[in-house]
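See below for entry23.txt, which holds compact mmCIF, C-alpha atoms and all ligand atoms.
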```txt
# COMPACT_ATOMS: atom_id res chain seq x y z
CA MET A 26 17.61 17.25 -23.04
CA ASN A 27 15.42 20.30 -23.25
CA GLU A 28 16.89 23.08 -21.11
CA VAL A 29 13.64 23.61 -19.19
CA PHE A 30 13.95 20.16 -17.67
CA VAL A 31 17.68 20.38 -17.00
CA LYS A 32 17.09 23.46 -14.85
CA ARG A 33 14.46 21.73 -12.72
CA LEU A 34 15.55 18.12 -12.41
CA ASN A 35 18.36 16.06 -11.00
CA PRO A 36 19.09 12.59 -12.37
CA LEU A 37 17.60 9.71 -10.41
CA PRO A 38 20.17 7.64 -8.45
CA PRO A 39 22.39 5.39 -10.61
CA LYS A 40 20.87 1.95 -11.38
CA SER A 41 17.34 3.28 -10.97
CA LYS A 42 14.74 1.49 -13.06
CA LEU A 43 11.33 3.11 -13.55
CA ILE A 44 8.45 0.94 -14.72
CA ILE A 45 5.50 2.90 -16.10
CA PHE A 46 2.16 1.15 -16.42
CA GLY A 47 0.07 2.92 -19.06
CA GLY A 48 2.31 4.63 -21.59
CA GLY A 49 -0.38 6.93 -22.97
CA PHE A 50 -0.12 10.71 -23.28
CA SER A 51 1.42 11.40 -19.86
CA GLY A 52 3.21 8.07 -19.47
CA GLN A 53 5.19 8.50 -22.70
CA ARG A 54 6.24 12.03 -21.80
CA ILE A 55 7.38 10.98 -18.32
CA ALA A 56 9.29 8.07 -19.88
CA SER A 57 11.01 10.33 -22.36
CA VAL A 58 12.11 12.86 -19.73
CA GLY A 59 13.23 10.03 -17.40
CA ARG A 60 15.38 8.47 -20.16
CA ASN A 61 16.88 11.84 -20.93
CA LEU A 62 17.95 12.04 -17.30
CA GLY A 63 19.80 8.74 -17.80
CA THR A 64 17.30 6.44 -16.07
CA LYS A 65 16.25 3.07 -17.47
CA VAL A 66 12.52 3.37 -18.12
CA LEU A 67 10.10 0.75 -19.42
CA CYS A 68 6.59 1.68 -20.48
CA SER A 69 3.55 -0.54 -21.03
CA ARG A 70 0.79 -0.45 -23.58
CA ARG A 71 -2.06 -2.88 -24.12
CA LYS A 72 -1.34 -3.99 -27.67
CA GLU A 73 1.73 -5.41 -29.40
CA ASN A 74 3.31 -2.98 -31.88
CA SER A 75 1.78 0.11 -30.24
CA GLU A 76 4.17 3.05 -30.38
CA GLY A 77 6.32 3.28 -27.27
CA ALA A 78 5.38 -0.20 -25.99
CA ASP A 79 8.39 -1.60 -24.14
CA PHE A 80 6.22 -4.34 -22.72
CA ILE A 81 2.58 -5.38 -22.84
CA PHE A 82 0.37 -4.97 -19.80
CA ASN A 83 -3.30 -5.63 -20.35
CA THR A 84 -5.60 -6.57 -17.51
CA ASP A 85 -7.47 -8.91 -19.89
CA ASN A 86 -4.38 -11.12 -20.27
CA GLU A 87 -1.91 -13.04 -18.14
CA ILE A 88 0.93 -10.88 -16.88
CA PRO A 89 4.49 -12.26 -16.94
CA ASN A 90 5.94 -12.48 -13.43
CA GLU A 91 9.27 -10.88 -14.32
CA ILE A 92 7.71 -7.51 -15.21
CA LEU A 93 8.87 -5.96 -11.95
CA ASP A 94 12.39 -7.44 -11.93
CA GLY A 95 14.89 -4.81 -10.79
CA ALA A 96 12.29 -2.05 -10.50
CA THR A 97 13.22 0.74 -8.10
CA HIS A 98 10.36 3.06 -9.06
CA VAL A 99 6.87 2.25 -10.35
CA LEU A 100 4.26 4.62 -11.76
CA SER A 101 0.70 3.73 -12.71
CA CYS A 102 -1.05 5.98 -15.25
CA ILE A 103 -3.95 3.55 -15.79
CA PRO A 104 -7.51 4.53 -14.85
CA PRO A 105 -9.62 2.24 -12.61
CA LEU A 106 -11.37 -0.83 -13.97
CA ARG A 107 -15.17 -0.66 -14.25
CA ASN A 108 -15.51 -2.76 -11.10
CA GLY A 109 -13.50 -0.18 -9.13
CA GLU A 110 -10.36 -2.29 -8.88
CA ASP A 111 -7.00 -0.81 -9.67
CA PRO A 112 -5.64 -2.50 -12.83
CA VAL A 113 -2.04 -2.79 -11.64
CA LEU A 114 -2.91 -3.97 -8.12
CA SER A 115 -5.46 -6.42 -9.48
CA LYS A 116 -2.68 -8.20 -11.38
CA LEU A 117 0.54 -7.50 -9.52
CA LYS A 118 -0.15 -6.76 -5.86
CA PRO A 119 1.74 -9.80 -4.46
CA GLN A 120 4.73 -9.12 -6.73
CA LEU A 121 4.75 -5.44 -5.69
CA LEU A 122 4.59 -6.35 -2.01
CA ASN A 123 7.52 -8.74 -2.51
CA SER A 124 9.66 -6.26 -4.45
CA LYS A 125 12.62 -5.53 -2.24
CA ASN A 126 14.02 -2.58 -4.19
CA LEU A 127 11.01 -0.28 -4.48
CA LYS A 128 11.83 3.26 -3.38
CA TRP A 129 8.81 5.06 -4.82
CA VAL A 130 5.43 4.10 -6.22
CA GLY A 131 3.42 6.81 -7.95
CA TYR A 132 -0.23 6.77 -8.90
CA LEU A 133 -1.68 9.32 -11.34
CA SER A 134 -5.12 10.17 -9.98
CA THR A 135 -7.51 13.02 -10.69
CA THR A 136 -8.69 16.12 -8.89
CA GLY A 137 -12.18 14.81 -9.68
CA VAL A 138 -11.98 13.06 -6.30
CA TYR A 139 -12.60 16.44 -4.62
CA GLY A 140 -16.05 16.68 -6.25
CA ASP A 141 -17.88 19.96 -6.79
CA THR A 142 -16.84 22.85 -4.54
CA LYS A 143 -18.92 25.48 -6.38
CA GLY A 144 -15.77 27.23 -7.57
CA GLU A 145 -13.90 27.16 -4.24
CA TRP A 146 -10.22 26.17 -3.98
CA VAL A 147 -9.24 22.63 -3.03
CA ASN A 148 -5.90 21.53 -1.60
CA GLU A 149 -4.50 18.24 -0.33
CA ASN A 150 -6.18 18.77 3.07
CA THR A 151 -9.63 19.09 1.50
CA SER A 152 -11.65 15.94 2.20
CA PRO A 153 -12.46 14.17 -1.06
CA LYS A 154 -16.17 14.06 -1.85
CA PRO A 155 -16.28 12.31 -5.22
CA GLN A 156 -19.66 12.67 -6.90
CA GLN A 157 -19.24 11.10 -10.33
CA GLU A 158 -19.11 7.29 -10.42
CA ARG A 159 -15.70 7.33 -12.06
CA SER A 160 -14.37 9.63 -9.32
CA VAL A 161 -15.73 7.26 -6.65
CA ARG A 162 -13.81 4.44 -8.37
CA ARG A 163 -10.74 6.66 -8.55
CA TYR A 164 -10.83 7.50 -4.86
CA SER A 165 -11.22 3.81 -4.10
CA CYS A 166 -8.06 3.08 -6.17
CA GLU A 167 -6.14 5.79 -4.29
CA LYS A 168 -7.08 4.03 -1.05
CA GLN A 169 -6.14 0.61 -2.45
CA TRP A 170 -2.65 1.97 -3.25
CA LEU A 171 -2.21 3.67 0.12
CA GLU A 172 -3.33 0.53 1.96
CA THR A 173 -0.44 -1.46 0.44
CA LYS A 174 1.94 0.48 2.75
CA LEU A 175 4.37 0.65 -0.14
CA PRO A 176 6.16 4.04 -0.50
CA VAL A 177 3.14 5.38 -2.39
CA GLN A 178 2.58 8.93 -3.60
CA ILE A 179 -0.81 9.87 -5.06
CA LEU A 180 -0.56 12.60 -7.71
CA ARG A 181 -3.88 14.32 -8.40
CA LEU A 182 -4.21 15.87 -11.87
CA PRO A 183 -6.76 18.29 -13.35
CA GLY A 184 -7.36 18.53 -17.15
CA ILE A 185 -4.23 17.44 -19.00
CA TYR A 186 -3.19 19.27 -22.16
CA GLY A 187 -0.09 19.52 -24.31
CA PRO A 188 1.08 19.28 -27.92
CA GLY A 189 -1.47 17.21 -29.85
CA ARG A 190 -4.10 17.51 -27.09
CA SER A 191 -5.15 21.12 -26.65
CA ALA A 192 -7.72 23.72 -27.71
CA PHE A 193 -5.97 23.96 -31.11
CA GLU A 194 -7.11 20.50 -32.22
CA SER A 195 -10.82 21.36 -31.88
CA ILE A 196 -10.33 24.84 -33.34
CA MET A 197 -8.44 23.51 -36.40
CA THR A 198 -11.02 20.80 -37.09
CA GLY A 199 -13.92 23.24 -36.69
CA LYS A 200 -15.37 21.18 -33.83
CA VAL A 201 -14.84 23.77 -31.12
CA LYS A 202 -17.86 24.77 -29.02
CA MET A 203 -18.00 28.09 -27.17
CA ILE A 204 -19.96 26.98 -24.13
CA ASP A 205 -20.80 29.90 -21.89
CA LYS A 206 -21.26 29.13 -18.21
CA PRO A 207 -20.46 32.25 -16.19
CA GLY A 208 -18.47 31.54 -13.02
CA GLN A 209 -17.32 28.11 -14.23
CA VAL A 210 -13.58 27.44 -14.11
CA PHE A 211 -11.35 24.48 -14.84
CA SER A 212 -7.84 23.80 -13.60
CA ARG A 213 -5.27 22.41 -16.00
CA ILE A 214 -1.77 21.03 -16.28
CA HIS A 215 0.62 20.85 -19.23
CA VAL A 216 1.96 17.34 -19.83
CA ASP A 217 5.57 18.58 -19.56
CA ASP A 218 4.83 19.75 -16.01
CA ILE A 219 3.42 16.33 -15.15
CA ALA A 220 6.70 14.80 -16.32
CA GLY A 221 8.78 17.47 -14.60
CA ALA A 222 6.86 17.24 -11.32
CA VAL A 223 6.91 13.41 -11.24
CA LEU A 224 10.68 13.23 -11.64
CA PHE A 225 11.18 16.13 -9.22
CA LEU A 226 8.97 14.42 -6.60
CA ILE A 227 10.77 11.07 -6.98
CA ASN A 228 14.05 12.69 -5.95
CA LEU A 229 12.49 14.60 -3.05
CA TYR A 230 10.81 11.45 -1.78
CA SER A 231 14.17 9.83 -1.13
CA GLN A 232 15.15 12.91 0.92
CA GLY A 233 12.19 12.38 3.26
CA LYS A 234 10.01 15.04 1.63
CA ASN A 235 7.27 12.56 0.90
CA PRO A 236 3.67 13.78 1.24
CA SER A 237 1.30 10.97 0.35
CA VAL A 238 -0.91 13.20 -1.84
CA VAL A 239 0.22 16.03 -4.13
CA ASN A 240 -1.87 18.11 -6.56
CA ILE A 241 -0.10 18.82 -9.84
CA ALA A 242 -1.90 21.83 -11.35
CA ASP A 243 -0.89 25.14 -12.90
CA ASN A 244 -1.36 28.54 -11.26
CA LEU A 245 -4.41 29.76 -13.11
CA PRO A 246 -7.78 28.01 -13.10
CA THR A 247 -9.71 29.61 -15.96
CA ASN A 248 -13.00 29.66 -17.80
CA ASN A 249 -12.84 27.56 -20.98
CA LEU A 250 -13.93 30.46 -23.19
CA GLU A 251 -10.78 32.37 -22.26
CA VAL A 252 -8.61 29.41 -23.20
CA ILE A 253 -10.32 28.85 -26.55
CA SER A 254 -10.29 32.58 -27.38
CA PHE A 255 -6.58 32.84 -26.60
CA ALA A 256 -5.78 29.80 -28.77
CA ALA A 257 -7.89 31.14 -31.65
CA LYS A 258 -6.12 34.49 -31.45
CA ILE A 259 -2.69 32.84 -31.71
CA ALA A 260 -3.82 30.60 -34.57
CA LYS A 261 -5.60 33.53 -36.27
CA LYS A 262 -8.83 31.52 -36.53
CA SER A 263 -12.38 32.74 -36.13
CA LEU A 264 -14.70 31.17 -33.59
CA PRO A 265 -18.38 30.24 -33.60
CA SER A 266 -20.87 32.16 -31.44
CA LYS A 267 -21.21 31.40 -27.75
CA ILE A 268 -23.82 28.85 -26.67
CA PRO A 269 -25.34 29.23 -23.20
CA TYR A 270 -24.57 26.17 -21.05
CA GLU A 271 -28.29 25.65 -20.34
CA ILE A 272 -28.81 24.98 -24.07
CA ALA A 273 -25.49 23.19 -24.74
CA LYS A 274 -26.02 20.69 -21.93
CA ASN A 275 -29.00 19.13 -23.75
CA THR A 276 -26.73 17.67 -26.44
CA MET A 277 -23.62 16.92 -24.35
CA SER A 278 -22.27 13.40 -23.87
CA PRO A 279 -22.65 12.10 -20.29
CA MET A 280 -18.85 12.40 -19.88
CA ALA A 281 -18.74 16.06 -21.02
CA LEU A 282 -21.77 16.87 -18.87
CA SER A 283 -20.06 15.40 -15.81
CA PHE A 284 -17.11 17.78 -16.26
CA TRP A 285 -19.36 20.82 -16.55
CA GLN A 286 -21.28 19.82 -13.42
CA GLU A 287 -18.22 20.32 -11.22
CA ASN A 288 -16.56 23.63 -10.50
CA ARG A 289 -13.37 23.92 -8.45
CA LYS A 290 -9.96 25.55 -8.39
CA VAL A 291 -6.95 23.37 -7.60
CA ASP A 292 -4.36 24.79 -5.23
CA ASN A 293 -0.76 23.86 -6.16
CA ARG A 294 1.02 25.46 -3.21
CA LEU A 295 2.22 22.17 -1.74
CA LEU A 296 4.02 21.30 -5.00
CA CYS A 297 5.21 24.74 -5.98
CA LYS A 298 5.80 26.58 -2.70
CA THR A 299 6.40 23.98 0.02
CA LEU A 300 8.24 21.44 -2.13
CA GLY A 301 9.72 23.98 -4.55
CA TYR A 302 8.79 22.74 -8.04
CA SER A 303 8.97 25.51 -10.61
CA LEU A 304 6.28 25.16 -13.28
CA ILE A 305 7.46 25.18 -16.91
CA TYR A 306 4.05 26.45 -18.03
CA PRO A 307 2.51 28.37 -15.09
CA ASP A 308 -0.70 29.17 -16.99
CA PHE A 309 -2.67 28.28 -20.10
CA LYS A 310 -1.14 31.15 -22.09
CA SER A 311 2.44 29.94 -21.81
CA GLY A 312 1.29 26.34 -22.28
CA LEU A 313 -0.75 27.09 -25.39
CA LYS A 314 2.13 29.01 -26.95
CA ASN A 315 4.20 25.85 -26.56
CA CYS A 316 1.43 23.72 -28.11
CA PHE A 317 1.17 26.12 -31.04
CA SER A 318 4.90 26.10 -31.74
CA ASN A 319 4.79 22.29 -31.82
CA LEU A 320 1.81 22.43 -34.17
CA LYS A 321 3.70 24.73 -36.55
CA MET A 322 6.78 22.50 -36.45
CA ASN A 323 4.66 19.50 -37.44
CA CYS A 324 2.84 21.27 -40.30
N1 LIG A 401 -6.85 13.28 -19.59
C1 LIG A 401 -7.08 14.07 -18.55
O1 LIG A 401 -7.39 15.27 -18.69
C2 LIG A 401 -6.90 13.51 -17.14
C3 LIG A 401 -7.12 14.36 -16.05
C4 LIG A 401 -6.87 13.88 -14.77
C5 LIG A 401 -6.41 12.57 -14.60
N2 LIG A 401 -6.27 11.76 -15.67
C6 LIG A 401 -5.78 10.38 -15.42
O2 LIG A 401 -4.36 10.45 -15.42
C7 LIG A 401 -3.81 9.25 -16.00
C8 LIG A 401 -2.98 9.62 -17.21
O3 LIG A 401 -3.81 10.33 -18.13
P1 LIG A 401 -3.49 10.32 -19.70
O4 LIG A 401 -4.50 11.24 -20.30
O5 LIG A 401 -2.06 10.52 -19.93
O6 LIG A 401 -3.88 8.81 -20.03
P2 LIG A 401 -4.06 8.09 -21.45
O7 LIG A 401 -3.34 8.82 -22.53
O8 LIG A 401 -5.52 7.83 -21.64
O9 LIG A 401 -3.31 6.70 -21.17
C9 LIG A 401 -3.88 5.74 -20.33
C10 LIG A 401 -2.98 4.50 -20.39
O10 LIG A 401 -3.61 3.45 -19.64
C11 LIG A 401 -3.57 2.25 -20.41
N3 LIG A 401 -4.71 1.42 -20.03
C12 LIG A 401 -6.02 1.78 -19.95
N4 LIG A 401 -6.76 0.74 -19.50
C13 LIG A 401 -5.91 -0.31 -19.29
C14 LIG A 401 -6.05 -1.65 -18.85
N5 LIG A 401 -7.25 -2.16 -18.51
N6 LIG A 401 -4.95 -2.44 -18.78
C15 LIG A 401 -3.75 -1.95 -19.12
N7 LIG A 401 -3.52 -0.68 -19.55
C16 LIG A 401 -4.60 0.14 -19.63
C17 LIG A 401 -3.64 2.72 -21.85
O11 LIG A 401 -3.12 1.70 -22.68
P3 LIG A 401 -2.89 1.93 -24.28
O12 LIG A 401 -1.67 2.79 -24.36
O13 LIG A 401 -2.68 0.59 -24.84
O14 LIG A 401 -4.14 2.62 -24.76
C18 LIG A 401 -2.75 3.97 -21.80
O15 LIG A 401 -1.39 3.63 -21.96
C19 LIG A 401 -5.00 8.37 -16.33
O16 LIG A 401 -5.27 7.51 -15.24
C20 LIG A 401 -6.13 9.36 -16.49
O17 LIG A 401 -7.41 8.79 -16.25
C21 LIG A 401 -6.48 12.21 -16.94
```
Write the structure described by the file as structure tokens, please.
Amino acid sequence: MNEVFVKRLNPLPPKSKLIIFGGGFSGQRIASVGRNLGTKVLCSRRKENSEGADFIFNTDNEIPNEILDGATHVLSCIPPLRNGEDPVLSKLKPQLLNSKNLKWVGYLSTTGVYGDTKGEWVNENTSPKPQQERSVRRYSCEKQWLETKLPVQILRLPGIYGPGRSAFESIMTGKVKMIDKPGQVFSRIHVDDIAGAVLFLINLYSQGKNPSVVNIADNLPTNNLEVISFAAKIAKKSLPSKIPYEIAKNTMSPMALSFWQENRKVDNRLLCKTLGYSLIYPDFKSGLKNCFSNLKMNC
């Protein structure tokens, strides 16, 4: 396994079995690191023959009862349903409540639940004030998980990036937009640090270090222009001119607009100082260098 993980992570206890619902970008990476630590991991996708689908979990279909057999750890990476229900709980709540072996249940949430703080820091003690409809649904799913009284840990994530999903993709395809909104920052997290932190937290949980909510973010909330400019410099690509936000917002999708309407910095001190996780990519510069080296390897 990659040395960066070996330094940070201990294997899960023998006979652990981690079931991941939603083997998308983060789910697959967590699965891969978990398997490298020697743990049995099964990952769901919605469609047969999708890459990395160990089993099918789709809220539109019947779910086989035996999905949770032998599970010691469960992680949901699936966003809320449109009606606000949590997809996994909507299908498997009784089975989860009856699972005798569950030691940890993780839920990947978003820092969107904190709402807009006009650029101020948020930490796990900040009261969530979700403003976007999807963040209201998300906060409701967090509560649905916590109300189960299972050994639940809510992991709040800011913008996820990593190889194949970073500023390079929009720069290389010429679709990048240099939106200029002075004072606006975004927090981020590299997908390897999601995987690293999840497996690190699972082991701590069994030692009684088990906060019910943890932010997983890097150290350096930054304006998007800085991120794009740094990526372009590494890739030796030129960039289009800046567009003031007040003009750009007129042609933004509702989803993009909703991101630009919120401004906050995510504090990671609980994860990195109190609990002791050491980030693999502490800021966007180290993370983007990793993304670029993967891009070059795949060219
Ligand atoms: N992307 C971000 O920047 C960001 C930021 C903060 C939080 N989050 C949240 O963090 C989690 C992980 O993010 P990600 O970007 O790694 O996710 P992702 O790549 O979009 O993967 C989401 C997974 O959920 C599955 N899924 C979606 N709807 C489902 C349903 N109704 N029934 C069953 N499975 C369903 C997808 O199935 P298929 O594999 O079949 O498509 C996929 O495996 C998500 O909940 C996401 O909303 C994302």
Mind working out the centre and edge lengths of an axis-aligned box for ligand LIG 401 (chain A), all listed atoms inside, 6 Å added to each side, rounded to one decimal in Å and written as JSON?
```
{"center_x": -4.4, "center_y": 6.4, "center_z": -19.7, "size_x": 18.0, "size_y": 29.7, "size_z": 22.2}
```
Give me, as JSON lines, the closest atom pair and its distance (Å, one decimal) for every residue of chain A within a cut-off of 6 Å of ligand LIG 401 (chain A), counting only C-alpha atoms and all ligand atoms, rows sorted by chain and rising number.
```
{"residue": "A:Gly47", "atom": "CA", "partner": "A:LIG401", "partner_atom": "O15", "distance": 3.3}
{"residue": "A:Gly48", "atom": "CA", "partner": "A:LIG401", "partner_atom": "O15", "distance": 3.9}
{"residue": "A:Gly49", "atom": "CA", "partner": "A:LIG401", "partner_atom": "O9", "distance": 3.4}
{"residue": "A:Phe50", "atom": "CA", "partner": "A:LIG401", "partner_atom": "O7", "distance": 3.8}
{"residue": "A:Ser51", "atom": "CA", "partner": "A:LIG401", "partner_atom": "O5", "distance": 3.6}
{"residue": "A:Gly52", "atom": "CA", "partner": "A:LIG401", "partner_atom": "O5", "distance": 5.8}
{"residue": "A:Arg70", "atom": "CA", "partner": "A:LIG401", "partner_atom": "O13", "distance": 3.8}
{"residue": "A:Arg71", "atom": "CA", "partner": "A:LIG401", "partner_atom": "O13", "distance": 3.6}
{"residue": "A:Lys72", "atom": "CA", "partner": "A:LIG401", "partner_atom": "O13", "distance": 5.5}
{"residue": "A:Phe82", "atom": "CA", "partner": "A:LIG401", "partner_atom": "C15", "distance": 5.2}
{"residue": "A:Asn83", "atom": "CA", "partner": "A:LIG401", "partner_atom": "C15", "distance": 3.9}
{"residue": "A:Thr84", "atom": "CA", "partner": "A:LIG401", "partner_atom": "N6", "distance": 4.4}
{"residue": "A:Cys102", "atom": "CA", "partner": "A:LIG401", "partner_atom": "C7", "distance": 4.3}
{"residue": "A:Ile103", "atom": "CA", "partner": "A:LIG401", "partner_atom": "O10", "distance": 3.9}
{"residue": "A:Pro104", "atom": "CA", "partner": "A:LIG401", "partner_atom": "O16", "distance": 3.7}
{"residue": "A:Pro112", "atom": "CA", "partner": "A:LIG401", "partner_atom": "N5", "distance": 5.9}
{"residue": "A:Leu133", "atom": "CA", "partner": "A:LIG401", "partner_atom": "O2", "distance": 5.0}
{"residue": "A:Ser134", "atom": "CA", "partner": "A:LIG401", "partner_atom": "C5", "distance": 5.4}
{"residue": "A:Thr135", "atom": "CA", "partner": "A:LIG401", "partner_atom": "C5", "distance": 4.1}
{"residue": "A:Leu182", "atom": "CA", "partner": "A:LIG401", "partner_atom": "C4", "distance": 4.4}
{"residue": "A:Pro183", "atom": "CA", "partner": "A:LIG401", "partner_atom": "C4", "distance": 4.6}
{"residue": "A:Gly184", "atom": "CA", "partner": "A:LIG401", "partner_atom": "O1", "distance": 3.6}
{"residue": "A:Ile185", "atom": "CA", "partner": "A:LIG401", "partner_atom": "O1", "distance": 3.8}
```
Which residues come within 8 Å of range 218-230 of chain A, counting only C-alpha atoms, excluding same-chain residues fewer than 2 positions away, as a ChimeraX atom specification? /A:30,33-35,37,51,54-55,58-59,129,214-216,232-235,241,302,304-306
Pick the closest to Glu76 in chain A from A:Val239, A:Gln156, A:Gln53, A:Trp170: which is it, counting all atoms listed in the file?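 Distance minimum relative to Glu76 in chain A lands on A:Gln53.
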Close residues, Met203 in chain A itself excluded, 12 Å, only C-alpha atoms, min 6 positions apart in chain, as a PyMOL selection string: chain A and resi 192+195-196+248-254+257+263-270+272-273
